[in-house]
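Enquirer: Structure file data.cif, mmCIF, C-alpha atoms, is pasted below:
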data_input
#
loop_
_atom_site.group_PDB
_atom_site.id
_atom_site.type_symbol
_atom_site.label_atom_id
_atom_site.label_comp_id
_atom_site.auth_asym_id
_atom_site.auth_seq_id
_atom_site.Cartn_x
_atom_site.Cartn_y
_atom_site.Cartn_z
ATOM 1 C CA MET A 221 -134.968 75.236 32.056
ATOM 2 C CA GLU A 222 -131.627 76.763 32.892
ATOM 3 C CA SER A 223 -128.921 76.514 30.295
ATOM 4 C CA ALA A 224 -125.735 74.699 31.197
ATOM 5 C CA THR A 225 -122.847 76.853 32.324
ATOM 6 C CA PRO A 226 -120.229 76.927 29.579
ATOM 7 C CA PRO A 227 -116.907 75.334 30.525
ATOM 8 C CA GLN A 228 -114.194 77.695 31.687
ATOM 9 C CA ARG A 229 -111.818 78.577 28.898
ATOM 10 C CA ARG A 230 -108.282 77.661 29.893
ATOM 11 C CA LEU A 231 -105.218 77.306 27.729
ATOM 12 C CA PHE A 232 -102.577 76.669 30.398
ATOM 13 C CA ARG A 233 -102.506 75.272 33.916
ATOM 14 C CA THR A 234 -100.164 76.151 36.733
ATOM 15 C CA ILE A 235 -97.867 73.299 37.757
ATOM 16 C CA GLU A 236 -95.707 75.141 40.278
ATOM 17 C CA PRO A 237 -97.230 78.138 42.053
ATOM 18 C CA PHE A 238 -95.484 81.370 41.174
ATOM 19 C CA ILE A 239 -95.668 85.007 42.238
ATOM 20 C CA LEU A 240 -96.464 87.995 40.077
ATOM 21 C CA ALA A 241 -94.487 90.890 41.561
ATOM 22 C CA SER A 242 -96.674 93.641 40.180
ATOM 23 C CA ALA A 243 -99.489 95.919 41.258
ATOM 24 C CA SER A 244 -100.710 96.206 37.662
ATOM 25 C CA PRO A 245 -104.270 94.895 37.205
ATOM 26 C CA ARG A 246 -103.571 94.661 33.472
ATOM 27 C CA ARG A 247 -100.716 92.171 33.919
ATOM 28 C CA ARG A 248 -102.823 90.147 36.317
ATOM 29 C CA ARG A 249 -105.754 90.010 33.890
ATOM 30 C CA LEU A 250 -103.513 88.979 30.979
ATOM 31 C CA LEU A 251 -102.219 85.953 32.913
ATOM 32 C CA GLU A 252 -105.658 85.090 34.275
ATOM 33 C CA SER A 253 -107.076 85.164 30.743
ATOM 34 C CA LEU A 254 -105.009 82.061 29.975
ATOM 35 C CA GLY A 255 -106.278 80.216 33.049
ATOM 36 C CA LEU A 256 -103.158 80.591 35.173
ATOM 37 C CA GLU A 257 -103.223 80.670 38.957
ATOM 38 C CA PHE A 258 -100.655 82.736 40.839
ATOM 39 C CA GLU A 259 -100.147 84.957 43.855
ATOM 40 C CA VAL A 260 -99.736 88.710 43.566
ATOM 41 C CA VAL A 261 -97.108 90.312 45.804
ATOM 42 C CA VAL A 262 -96.404 93.995 45.225
ATOM 43 C CA SER A 263 -92.659 94.660 45.320
ATOM 44 C CA GLY A 264 -92.860 98.067 46.951
ATOM 45 C CA VAL A 265 -89.988 99.223 44.745
ATOM 46 C CA GLU A 266 -90.492 102.839 43.746
ATOM 47 C CA GLU A 267 -90.765 103.233 39.980
ATOM 48 C CA PRO A 268 -88.045 105.576 38.676
ATOM 49 C CA ARG A 269 -89.046 108.259 36.216
ATOM 50 C CA SER A 270 -85.745 108.673 34.394
ATOM 51 C CA GLY A 271 -82.208 107.370 34.102
ATOM 52 C CA THR A 272 -79.116 107.349 31.959
ATOM 53 C CA GLY A 273 -78.191 104.734 29.391
ATOM 54 C CA PRO A 274 -80.101 102.695 26.806
ATOM 55 C CA ALA A 275 -83.826 102.545 27.537
ATOM 56 C CA SER A 276 -83.949 98.752 27.271
ATOM 57 C CA GLU A 277 -81.161 98.378 29.857
ATOM 58 C CA LEU A 278 -82.883 100.787 32.223
ATOM 59 C CA VAL A 279 -86.220 98.984 32.111
ATOM 60 C CA LEU A 280 -84.482 95.605 32.506
ATOM 61 C CA GLY A 281 -82.821 96.915 35.654
ATOM 62 C CA TRP A 282 -86.131 98.152 37.030
ATOM 63 C CA ALA A 283 -87.790 94.767 36.397
ATOM 64 C CA ARG A 284 -84.865 93.016 38.109
ATOM 65 C CA ALA A 285 -85.236 95.279 41.132
ATOM 66 C CA LYS A 286 -88.910 94.334 41.502
ATOM 67 C CA ALA A 287 -88.200 90.613 41.150
ATOM 68 C CA SER A 288 -85.279 90.743 43.572
ATOM 69 C CA ALA A 289 -87.280 92.535 46.266
ATOM 70 C CA VAL A 290 -90.015 89.897 46.263
ATOM 71 C CA ALA A 291 -87.697 86.905 45.733
ATOM 72 C CA ALA A 292 -85.676 87.937 48.781
ATOM 73 C CA ILE A 293 -88.776 87.318 50.895
ATOM 74 C CA HIS A 294 -90.048 84.273 48.985
ATOM 75 C CA ALA A 295 -86.753 82.534 48.245
ATOM 76 C CA ASP A 296 -88.304 79.153 47.387
ATOM 77 C CA ARG A 297 -90.795 80.500 44.833
ATOM 78 C CA TRP A 298 -90.570 81.552 41.218
ATOM 79 C CA VAL A 299 -91.119 85.300 40.916
ATOM 80 C CA LEU A 300 -92.199 87.084 37.725
ATOM 81 C CA ALA A 301 -91.780 90.854 37.496
ATOM 82 C CA ALA A 302 -92.191 93.349 34.667
ATOM 83 C CA ASP A 303 -91.771 97.018 33.917
ATOM 84 C CA THR A 304 -93.038 99.028 30.945
ATOM 85 C CA ILE A 305 -91.836 102.320 29.499
ATOM 86 C CA VAL A 306 -92.704 104.467 26.508
ATOM 87 C CA VAL A 307 -89.867 106.030 24.507
ATOM 88 C CA VAL A 308 -90.341 108.825 21.967
ATOM 89 C CA ALA A 309 -87.377 110.406 20.187
ATOM 90 C CA GLY A 310 -85.063 109.027 22.849
ATOM 91 C CA THR A 311 -87.079 110.421 25.773
ATOM 92 C CA ILE A 312 -88.562 108.035 28.335
ATOM 93 C CA LEU A 313 -92.159 108.678 29.311
ATOM 94 C CA GLY A 314 -93.233 107.075 32.563
ATOM 95 C CA LYS A 315 -96.547 107.496 34.348
ATOM 96 C CA PRO A 316 -97.686 111.134 34.446
ATOM 97 C CA LEU A 317 -97.695 112.836 37.822
ATOM 98 C CA ASP A 318 -100.790 114.898 37.037
ATOM 99 C CA THR A 319 -103.116 116.019 34.264
ATOM 100 C CA ARG A 320 -100.684 118.688 33.099
ATOM 101 C CA GLU A 321 -97.960 116.112 32.542
ATOM 102 C CA ALA A 322 -100.438 113.739 30.886
ATOM 103 C CA ARG A 323 -101.402 116.539 28.495
ATOM 104 C CA ASP A 324 -97.747 117.165 27.632
ATOM 105 C CA MET A 325 -97.109 113.460 27.012
ATOM 106 C CA LEU A 326 -100.099 113.042 24.728
ATOM 107 C CA ALA A 327 -99.100 116.126 22.769
ATOM 108 C CA GLU A 328 -95.601 114.677 22.427
ATOM 109 C CA LEU A 329 -96.971 111.379 21.089
ATOM 110 C CA SER A 330 -99.493 112.983 18.727
ATOM 111 C CA GLY A 331 -98.901 112.040 15.090
ATOM 112 C CA ARG A 332 -95.619 110.279 15.869
ATOM 113 C CA GLN A 333 -94.170 106.828 16.251
ATOM 114 C CA HIS A 334 -92.887 105.703 19.622
ATOM 115 C CA GLN A 335 -91.609 102.529 21.221
ATOM 116 C CA VAL A 336 -93.156 100.600 24.085
ATOM 117 C CA ILE A 337 -90.578 98.488 25.893
ATOM 118 C CA THR A 338 -91.576 95.940 28.501
ATOM 119 C CA ALA A 339 -88.911 94.061 30.430
ATOM 120 C CA ILE A 340 -89.714 90.798 32.173
ATOM 121 C CA CYS A 341 -87.644 89.135 34.872
ATOM 122 C CA LEU A 342 -88.117 85.565 36.092
ATOM 123 C CA ARG A 343 -86.199 84.826 39.284
ATOM 124 C CA HIS A 344 -85.791 81.976 41.771
ATOM 125 C CA GLN A 345 -83.659 83.034 44.716
ATOM 126 C CA LYS A 346 -82.989 79.585 46.172
ATOM 127 C CA CYS A 347 -81.993 78.128 42.799
ATOM 128 C CA HIS A 348 -79.777 81.147 42.042
ATOM 129 C CA HIS A 349 -81.550 81.590 38.732
ATOM 130 C CA GLU A 350 -82.545 84.797 36.979
ATOM 131 C CA GLU A 351 -83.427 85.483 33.361
ATOM 132 C CA THR A 352 -84.614 88.633 31.683
ATOM 133 C CA GLU A 353 -85.884 89.847 28.334
ATOM 134 C CA ALA A 354 -86.928 93.205 26.914
ATOM 135 C CA VAL A 355 -89.577 93.290 24.172
ATOM 136 C CA THR A 356 -90.164 96.336 21.974
ATOM 137 C CA THR A 357 -93.297 97.276 20.037
ATOM 138 C CA GLN A 358 -93.514 100.163 17.591
ATOM 139 C CA VAL A 359 -96.670 102.248 18.018
ATOM 140 C CA ARG A 360 -97.875 105.170 15.914
ATOM 141 C CA PHE A 361 -100.442 107.684 17.146
ATOM 142 C CA LYS A 362 -102.838 109.578 14.944
ATOM 143 C CA LYS A 363 -102.685 113.368 15.028
ATOM 144 C CA LEU A 364 -104.635 114.399 18.114
ATOM 145 C CA SER A 365 -106.677 117.548 18.386
ATOM 146 C CA ALA A 366 -106.597 119.599 21.574
ATOM 147 C CA ALA A 367 -110.219 118.593 22.196
ATOM 148 C CA GLU A 368 -109.377 114.885 21.894
ATOM 149 C CA ILE A 369 -106.514 115.233 24.351
ATOM 150 C CA GLU A 370 -108.728 117.050 26.867
ATOM 151 C CA ALA A 371 -111.527 114.503 26.500
ATOM 152 C CA TYR A 372 -109.132 111.621 27.061
ATOM 153 C CA ILE A 373 -107.589 113.277 30.108
ATOM 154 C CA ALA A 374 -111.078 113.915 31.514
ATOM 155 C CA SER A 375 -111.740 110.154 31.356
ATOM 156 C CA GLY A 376 -109.078 109.618 34.005
ATOM 157 C CA GLU A 377 -107.514 106.755 32.069
ATOM 158 C CA PRO A 378 -104.079 108.316 31.350
ATOM 159 C CA LEU A 379 -102.983 108.927 34.931
ATOM 160 C CA ASP A 380 -101.730 105.461 35.915
ATOM 161 C CA LYS A 381 -100.175 104.384 32.626
ATOM 162 C CA ALA A 382 -96.747 104.796 31.071
ATOM 163 C CA GLY A 383 -96.946 107.344 28.280
ATOM 164 C CA ALA A 384 -100.348 108.508 29.577
ATOM 165 C CA TYR A 385 -102.445 106.067 27.536
ATOM 166 C CA GLY A 386 -103.847 102.545 27.641
ATOM 167 C CA ILE A 387 -104.186 100.765 24.308
ATOM 168 C CA GLN A 388 -106.603 98.225 25.819
ATOM 169 C CA GLY A 389 -109.017 100.957 26.883
ATOM 170 C CA LEU A 390 -110.247 104.257 25.509
ATOM 171 C CA GLY A 391 -106.710 105.022 24.372
ATOM 172 C CA GLY A 392 -107.002 102.375 21.690
ATOM 173 C CA CYS A 393 -108.732 104.911 19.419
ATOM 174 C CA LEU A 394 -105.644 107.132 19.543
ATOM 175 C CA VAL A 395 -103.431 104.438 17.987
ATOM 176 C CA ARG A 396 -103.156 104.341 14.212
ATOM 177 C CA SER A 397 -100.931 101.276 13.983
ATOM 178 C CA ILE A 398 -98.670 98.931 15.923
ATOM 179 C CA ARG A 399 -95.809 96.717 14.824
ATOM 180 C CA GLY A 400 -94.999 93.952 17.248
ATOM 181 C CA SER A 401 -96.663 92.458 20.314
ATOM 182 C CA TYR A 402 -100.002 93.979 21.329
ATOM 183 C CA THR A 403 -99.889 92.500 24.849
ATOM 184 C CA ASN A 404 -96.463 94.063 25.259
ATOM 185 C CA VAL A 405 -98.113 97.476 24.899
ATOM 186 C CA VAL A 406 -100.731 96.468 27.473
ATOM 187 C CA GLY A 407 -97.917 95.687 29.905
ATOM 188 C CA LEU A 408 -96.794 92.058 29.555
ATOM 189 C CA PRO A 409 -95.566 90.304 26.389
ATOM 190 C CA LEU A 410 -97.551 87.095 26.775
ATOM 191 C CA CYS A 411 -95.740 85.044 24.148
ATOM 192 C CA GLU A 412 -92.302 85.552 25.683
ATOM 193 C CA THR A 413 -93.615 85.271 29.236
ATOM 194 C CA ILE A 414 -95.405 81.976 28.596
ATOM 195 C CA GLU A 415 -92.352 80.548 26.833
ATOM 196 C CA ARG A 416 -90.188 81.215 29.873
ATOM 197 C CA LEU A 417 -92.706 79.913 32.404
ATOM 198 C CA ALA A 418 -93.252 76.739 30.363
ATOM 199 C CA ALA A 419 -89.513 76.158 29.846
ATOM 200 C CA HIS A 420 -89.084 75.785 33.620
ATOM 201 C CA GLY A 421 -92.154 73.563 34.097
ATOM 202 C CA ILE A 422 -93.981 76.275 36.010
ATOM 203 C CA ILE A 423 -96.968 76.023 33.641
ATOM 204 C CA ALA A 424 -98.114 73.558 30.989
ATOM 205 C CA PRO A 425 -100.854 73.410 28.339
ATOM 206 C CA CYS A 426 -104.152 72.027 29.602
#
Give the structure from the file, written as structure tokens.
Expert:
Amino acid sequence: MESATPPQRRLFRTIEPFILASASPRRRRLLESLGLEFEVVVSGVEEPRSGTGPASELVLGWARAKASAVAAIHADRWVLAADTIVVVAGTILGKPLDTREARDMLAELSGRQHQVITAICLRHQKCHHEETEAVTTQVRFKKLSAAEIEAYIASGEPLDKAGAYGIQGLGGCLVRSIRGSYTNVVGLPLCETIERLAAHGIIAPC
């Protein structure tokens, strides 16, 4: 006798369809884990690797650019965009271009504390509404040996992630401690994101 299929676990339901303006599979999975339904539209905005000014203002501007690009095409839809950066000693670490740069980033993070800042932007072009927020999490790495860095690079995981690591994957064993939102380090601060979506009636608890 076949066992009954367990009911799908859902915490929220989508009331008004919205767009996630991101190519990140991690952001998509975080929203899907709550039971939300949405459309993914990649903004096509090139991710900058540096800039001048406070890191939080820079990443907010990059998230706005992504949201604006998609909202210009889908003016009657809510658009959610996000951007994540890693900051160590005032230096912004984006996604590494190659294994050499990934190696340098991991060596820079080794044994030190850094900040992960994710900016979110919720925009509705037709309603002339835009709101943003930047969330910061403090992360401390353990001291990494050269062999650990090489093994992690060989896994291929660092190459598409800001700061050259993913806390939700193999990179989790490199992290000694975090202070703040875990999902923010993954790429989308769920608490703040859900609050904003719910405040506009886009989603609601099941």
Enquirer: Take the PyMOL selection byres ((chain A and resi 320-336) around 7), apply it to the structure above, and return the hits as a PDB file with C-alpha atoms, in the frame of the given file.
Expert:
ATOM      1  CA  ILE A 305     -91.836 102.320  29.499  1.00  0.00           C
ATOM      2  CA  VAL A 306     -92.704 104.467  26.508  1.00  0.00           C
ATOM      3  CA  VAL A 307     -89.867 106.030  24.507  1.00  0.00           C
ATOM      4  CA  VAL A 308     -90.341 108.825  21.967  1.00  0.00           C
ATOM      5  CA  PRO A 316     -97.686 111.134  34.446  1.00  0.00           C
ATOM      6  CA  LEU A 317     -97.695 112.836  37.822  1.00  0.00           C
ATOM      7  CA  ASP A 318    -100.790 114.898  37.037  1.00  0.00           C
ATOM      8  CA  THR A 319    -103.116 116.019  34.264  1.00  0.00           C
ATOM      9  CA  ILE A 337     -90.578  98.488  25.893  1.00  0.00           C
ATOM     10  CA  THR A 338     -91.576  95.940  28.501  1.00  0.00           C
ATOM     11  CA  THR A 356     -90.164  96.336  21.974  1.00  0.00           C
ATOM     12  CA  THR A 357     -93.297  97.276  20.037  1.00  0.00           C
ATOM     13  CA  GLN A 358     -93.514 100.163  17.591  1.00  0.00           C
ATOM     14  CA  VAL A 359     -96.670 102.248  18.018  1.00  0.00           C
ATOM     15  CA  ARG A 360     -97.875 105.170  15.914  1.00  0.00           C
ATOM     16  CA  PHE A 361    -100.442 107.684  17.146  1.00  0.00           C
ATOM     17  CA  LYS A 362    -102.838 109.578  14.944  1.00  0.00           C
ATOM     18  CA  LYS A 363    -102.685 113.368  15.028  1.00  0.00           C
ATOM     19  CA  LEU A 364    -104.635 114.399  18.114  1.00  0.00           C
ATOM     20  CA  ILE A 369    -106.514 115.233  24.351  1.00  0.00           C
ATOM     21  CA  PRO A 378    -104.079 108.316  31.350  1.00  0.00           C
ATOM     22  CA  LEU A 379    -102.983 108.927  34.931  1.00  0.00           C
ATOM     23  CA  GLY A 383     -96.946 107.344  28.280  1.00  0.00           C
ATOM     24  CA  ALA A 384    -100.348 108.508  29.577  1.00  0.00           C
ATOM     25  CA  VAL A 405     -98.113  97.476  24.899  1.00  0.00           C
TER      26      VAL A 405
END
Enquirer: Quick one: which residues end up in the PyMOL selection byres ((chain A and resi 282) around 9) for this structure, as a list in words?
Expert: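 Evaluating the PyMOL selection byres ((chain A and resi 282) around 9) on these coordinates yields Val265, Glu267, Pro268, Glu277, Leu278, Val279, Leu280, Gly281, Ala283, Arg284, Ala285, Lys286, Ala287, Ala302, Asp303 and Ala339 of chain A.
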Enquirer: When you count all atoms listed in the file, which of these residues is closest to Leu231 in chain A: A:Ser253, A:Glu353, A:Ile293, A:Ala371?
Expert: A:Ser253
Enquirer: Where does the PyMOL selection byres ((chain A and resi 238) around 9) land in this file, that is, which residues does it pick, as a PDB file with C-alpha atoms, in the coordinates of the input?
Expert:
ATOM      1  CA  THR A 234    -100.164  76.151  36.733  1.00  0.00           C
ATOM      2  CA  GLU A 236     -95.707  75.141  40.278  1.00  0.00           C
ATOM      3  CA  PRO A 237     -97.230  78.138  42.053  1.00  0.00           C
ATOM      4  CA  ILE A 239     -95.668  85.007  42.238  1.00  0.00           C
ATOM      5  CA  LEU A 240     -96.464  87.995  40.077  1.00  0.00           C
ATOM      6  CA  GLU A 257    -103.223  80.670  38.957  1.00  0.00           C
ATOM      7  CA  PHE A 258    -100.655  82.736  40.839  1.00  0.00           C
ATOM      8  CA  GLU A 259    -100.147  84.957  43.855  1.00  0.00           C
ATOM      9  CA  VAL A 260     -99.736  88.710  43.566  1.00  0.00           C
ATOM     10  CA  ARG A 297     -90.795  80.500  44.833  1.00  0.00           C
ATOM     11  CA  TRP A 298     -90.570  81.552  41.218  1.00  0.00           C
ATOM     12  CA  VAL A 299     -91.119  85.300  40.916  1.00  0.00           C
ATOM     13  CA  LEU A 300     -92.199  87.084  37.725  1.00  0.00           C
ATOM     14  CA  ILE A 422     -93.981  76.275  36.010  1.00  0.00           C
TER      15      ILE A 422
END
Enquirer: Looking at all atoms listed in the file, which of A:His294, A:Lys315, A:Arg246, A:His348 is the one that sits closest to Pro409 in chain A?
Expert: A:Arg246
Enquirer: Rounded to one decimal, what separation in Å do you get between CA of Ser263 in chain A and CA of Ala292 in chain A?
Expert: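 Separation between CA of Ser263 in chain A and CA of Ala292 in chain A: 10.3 Å.
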